[in-house]
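Everything below belongs to structure38.pdb, which stores PDB, C-alpha atoms.
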```pdb
ATOM      1  CA  MET A  87       0.000   0.000   0.000
ATOM      2  CA  LEU A  88       2.753   2.474   0.957
ATOM      3  CA  ALA A  89       4.706   1.573  -2.175
ATOM      4  CA  THR A  90       1.631   2.283  -4.320
ATOM      5  CA  VAL A  91       1.017   5.675  -2.732
ATOM      6  CA  LEU A  92       4.686   6.676  -2.975
ATOM      7  CA  THR A  93       4.830   5.522  -6.586
ATOM      8  CA  THR A  94       1.754   7.525  -7.515
ATOM      9  CA  LEU A  95       3.063  10.662  -5.793
ATOM     10  CA  ALA A  96       6.489  10.350  -7.408
ATOM     11  CA  LEU A  97       5.013   9.783 -10.857
ATOM     12  CA  LEU A  98       2.630  12.734 -10.530
ATOM     13  CA  ALA A  99       5.475  14.962  -9.328
ATOM     14  CA  SER A 100       7.571  13.820 -12.284
ATOM     15  CA  ALA A 101       4.715  14.430 -14.714
ATOM     16  CA  VAL A 102       4.247  17.996 -13.456
ATOM     17  CA  ALA A 103       7.963  18.821 -13.293
ATOM     18  CA  HIS A 104       8.559  17.518 -16.807
ATOM     19  CA  ALA A 105       5.423  19.139 -18.238
ATOM     20  CA  LEU A 106       6.298  22.664 -17.094
ATOM     21  CA  PRO A 107       9.224  23.102 -19.548
ATOM     22  CA  VAL A 108       6.957  22.212 -22.488
ATOM     23  CA  ILE A 109       6.136  25.916 -22.726
ATOM     24  CA  GLY A 110       9.619  26.232 -24.215
ATOM     25  CA  VAL A 111       8.254  24.751 -27.446
ATOM     26  CA  LEU A 112       6.614  28.112 -28.077
ATOM     27  CA  GLY A 113       9.974  29.808 -28.435
ATOM     28  CA  ARG A 114      12.195  32.464 -26.939
ATOM     29  CA  SER A 115       9.702  34.072 -24.565
ATOM     30  CA  GLY A 116       8.736  30.783 -22.913
ATOM     31  CA  LEU A 117      12.363  29.785 -22.488
ATOM     32  CA  ALA A 118      13.221  33.200 -21.047
ATOM     33  CA  ARG A 119      10.420  32.876 -18.466
ATOM     34  CA  LEU A 120      11.454  29.360 -17.505
ATOM     35  CA  TYR A 121      15.200  29.719 -17.314
ATOM     36  CA  GLY A 122      15.996  33.432 -17.286
ATOM     37  CA  VAL A 123      18.079  33.124 -20.450
ATOM     38  CA  THR A 124      18.053  34.901 -23.783
ATOM     39  CA  ILE A 125      18.619  32.745 -26.835
ATOM     40  CA  ASP A 126      19.613  34.572 -30.005
ATOM     41  CA  ASP A 127      21.118  31.706 -32.006
ATOM     42  CA  PRO A 128      18.427  29.983 -34.136
ATOM     43  CA  GLY A 129      20.205  26.627 -33.833
ATOM     44  CA  VAL A 130      20.333  26.804 -30.054
ATOM     45  CA  LEU A 131      16.677  27.877 -30.017
ATOM     46  CA  LEU A 132      15.759  24.826 -32.080
ATOM     47  CA  LEU A 133      17.680  22.543 -29.722
ATOM     48  CA  MET A 134      16.006  24.074 -26.661
ATOM     49  CA  ARG A 135      12.560  23.714 -28.242
ATOM     50  CA  HIS A 136      13.349  20.076 -29.045
ATOM     51  CA  ARG A 137      14.442  19.635 -25.433
ATOM     52  CA  ALA A 138      11.027  20.921 -24.361
ATOM     53  CA  VAL A 139       9.351  18.282 -26.546
ATOM     54  CA  LEU A 140      11.467  15.547 -24.942
ATOM     55  CA  PHE A 141      10.524  16.762 -21.465
ATOM     56  CA  GLY A 142       6.905  16.569 -22.516
ATOM     57  CA  LEU A 143       7.418  12.947 -23.492
ATOM     58  CA  VAL A 144       8.995  12.144 -20.118
ATOM     59  CA  GLY A 145       6.077  13.853 -18.379
ATOM     60  CA  ALA A 146       3.563  11.961 -20.512
ATOM     61  CA  LEU A 147       5.272   8.650 -19.705
ATOM     62  CA  ALA A 148       5.096   9.436 -15.985
ATOM     63  CA  LEU A 149       1.418  10.339 -16.204
ATOM     64  CA  VAL A 150       0.508   7.219 -18.185
ATOM     65  CA  ALA A 151       2.508   5.097 -15.728
ATOM     66  CA  VAL A 152       0.232   6.246 -12.896
ATOM     67  CA  PHE A 153      -2.481   4.171 -14.586
ATOM     68  CA  VAL A 154      -0.327   1.431 -16.160
ATOM     69  CA  PRO A 155       1.652  -0.359 -13.434
ATOM     70  CA  ALA A 156       3.805  -2.207 -15.975
ATOM     71  CA  LEU A 157       5.371   1.159 -16.939
ATOM     72  CA  GLN A 158       6.047   2.445 -13.427
ATOM     73  CA  ILE A 159       9.606   1.185 -12.926
ATOM     74  CA  ALA A 160      10.621   2.442 -16.372
ATOM     75  CA  ALA A 161       8.984   5.828 -15.813
ATOM     76  CA  LEU A 162      10.593   6.272 -12.402
ATOM     77  CA  SER A 163      13.967   5.270 -13.861
ATOM     78  CA  VAL A 164      13.678   7.749 -16.737
ATOM     79  CA  SER A 165      12.622  10.475 -14.305
ATOM     80  CA  ALA A 166      15.551   9.747 -11.999
ATOM     81  CA  MET A 167      18.064   9.773 -14.859
ATOM     82  CA  SER A 168      16.640  12.945 -16.404
ATOM     83  CA  THR A 169      16.614  14.941 -13.193
ATOM     84  CA  ALA A 170      19.879  13.592 -11.772
ATOM     85  CA  GLY A 171      21.529  14.238 -15.125
ATOM     86  CA  TYR A 172      20.637  17.925 -15.056
ATOM     87  CA  PHE A 173      21.740  18.285 -11.444
ATOM     88  CA  VAL A 174      25.129  16.681 -12.133
ATOM     89  CA  LEU A 175      25.669  18.867 -15.203
ATOM     90  CA  TRP A 176      24.646  22.007 -13.316
ATOM     91  CA  TRP A 177      26.936  21.155 -10.401
ATOM     92  CA  SER A 178      29.882  20.243 -12.655
ATOM     93  CA  THR A 179      29.701  23.598 -14.467
ATOM     94  CA  GLY A 180      30.183  25.528 -11.256
ATOM     95  CA  ARG A 181      26.451  25.948 -10.678
ATOM     96  CA  ALA A 182      26.130  28.226 -13.706
ATOM     97  CA  GLY A 183      23.072  30.190 -14.690
ATOM     98  CA  GLY A 184      22.098  32.122 -11.611
ATOM     99  CA  ALA A 185      18.900  31.821  -9.597
ATOM    100  CA  PRO A 186      16.563  30.437 -12.304
ATOM    101  CA  LEU A 187      18.834  27.492 -13.084
ATOM    102  CA  ALA A 188      19.581  26.943  -9.395
ATOM    103  CA  ARG A 189      15.813  26.606  -8.849
ATOM    104  CA  VAL A 190      15.687  23.968 -11.602
ATOM    105  CA  ALA A 191      18.603  22.175  -9.943
ATOM    106  CA  ARG A 192      16.878  22.122  -6.538
ATOM    107  CA  VAL A 193      13.663  20.744  -8.012
ATOM    108  CA  ASP A 194      15.547  18.178 -10.075
ATOM    109  CA  PHE A 195      17.638  17.067  -7.096
ATOM    110  CA  ALA A 196      14.518  16.556  -4.988
ATOM    111  CA  LEU A 197      12.716  14.711  -7.769
ATOM    112  CA  ALA A 198      15.739  12.513  -8.488
ATOM    113  CA  ALA A 199      15.998  11.622  -4.800
ATOM    114  CA  LEU A 200      12.271  10.872  -4.583
ATOM    115  CA  SER A 201      12.397   8.714  -7.716
ATOM    116  CA  VAL A 202      15.390   6.730  -6.431
ATOM    117  CA  ILE A 203      13.805   6.220  -3.004
ATOM    118  CA  VAL A 204      10.573   4.987  -4.573
ATOM    119  CA  LEU A 205      12.498   2.698  -6.918
ATOM    120  CA  CYS A 206      14.306   1.206  -3.909
ATOM    121  CA  VAL A 207      11.000   0.728  -2.075
ATOM    122  CA  ARG A 208       9.449  -0.903  -5.134
ATOM    123  CA  VAL A 209      12.397  -3.218  -5.766
ATOM    124  CA  THR A 210      12.665  -4.328  -2.135
ATOM    125  CA  ALA A 211       8.888  -4.732  -1.811
ATOM    126  CA  GLY A 212       8.893  -7.152  -4.729
TER     127      GLY A 212
END
```

Here is a file; write its structure as structure tokens.
Amino acid sequence: MLATVLTTLALLASAVAHALPVIGVLGRSGLARLYGVTIDDPGVLLLMRHRAVLFGLVGALALVAVFVPALQIAALSVSAMSTAGYFVLWWSTGRAGGAPLARVARVDFALAALSVIVLCVRVTAG
């Protein structure tokens, strides 16, 4: 029972956290609001918009996994890798990007930790 509740909460948190950056698909203004950055290079803008699409897919997987138990371990694993990956990159670059990117790092660290804890609970619970 506890594992089910924790799994649902972690997946919903992942779905929300990964859905928020989807606004970046709309372009420069959405990315500026999210991350406090200005993107002038069209190639970088395209890459950031594509990144927003990929986050949407991770969020969609997490949301679907709430209702499809067979996807839950995979969704939690993808969430943990996505969020831990950003945190490690942010930390390794000297915590670049100021307050907006530090906020992303804090959220991602918390979500990565939650996802890993829930994965451990699920694996040990059988």

**Item:** Distance query segment 128-145 of chain A at most 8 Å, only C-alpha atoms, self and fewer than 4 positions along chain excluded, as a PyMOL selection string
**Value:** chain A and resi 100-105+107-114+117+149+161+164-165

**Asked** So, counting only C-alpha atoms, which residue among A:Leu187, A:Ala118, A:Leu88, A:Ala160 is closest to Ser201 of chain A?
**Response** A:Ala160

**Request:** Skip Ala198 of chain A itself and residues of its chain fewer than 6 positions away, then list as a list in words all residues within 7 Å of it, counting only C-alpha atoms.
**Result:**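 Once the adjacent positions are removed, what remains is Ser165, Ala166, Thr169 and Ala170 of chain A.
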
**Item:** Distance of atom CA of Leu197 of chain A from atom CA of Leu157 of chain A, expressed in Å to one decimal place
**Value:** 17.9 Å

**Message:** Suppose a student applies the PyMOL selection byres ((chain A and resi 94) around 10) to this structure; what residues should they get, written as a count of residues only?
**Reply:** 20

**Request:** In Å, rounded to a single decimal, give me how far atom CA of Ala188 of chain A is from atom CA of Val207 of chain A.
**Result:**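 Atom CA of Val207 of chain A sits 28.5 Å away from atom CA of Ala188 of chain A.
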
**Asked** Using the chain letters and numbers from the file, which residues does the PyMOL selection byres ((chain A and resi 121) around 9) grab, as a list of chain:residue names?
**Response**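 That selection, the PyMOL selection byres ((chain A and resi 121) around 9), comes back as A:Gly116, A:Leu117, A:Ala118, A:Arg119, A:Leu120, A:Gly122, A:Val123, A:Thr124, A:Gly183, A:Ala185, A:Pro186, A:Leu187, A:Val190.
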
Using 5 Å of padding on each side, determine the axis-aligned box around all atoms of segment 187-205 of chain A present in the file and give its centre and edge lengths in Å to one decimal, as AutoDock Vina command-line options.
```
--center_x 15.1 --center_y 15.1 --center_z -8.0 --size_x 19.0 --size_y 34.8 --size_z 20.1
```

**Request:** One decimal, Å: what's the distance from atom CA of Val154 of chain A over to atom CA of Asp194 of chain A, could you say?
**Result:**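 Atom CA of Asp194 of chain A lies 23.9 Å from atom CA of Val154 of chain A.
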
**Item:** For Trp176 of chain A, the nearest of the candidates A:Arg192, A:Asp127, A:Leu162, A:Thr210, counting only C-alpha atoms
**Value:**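 When distances to Trp176 of chain A are compared using only C-alpha atoms, the smallest one comes from A:Arg192.
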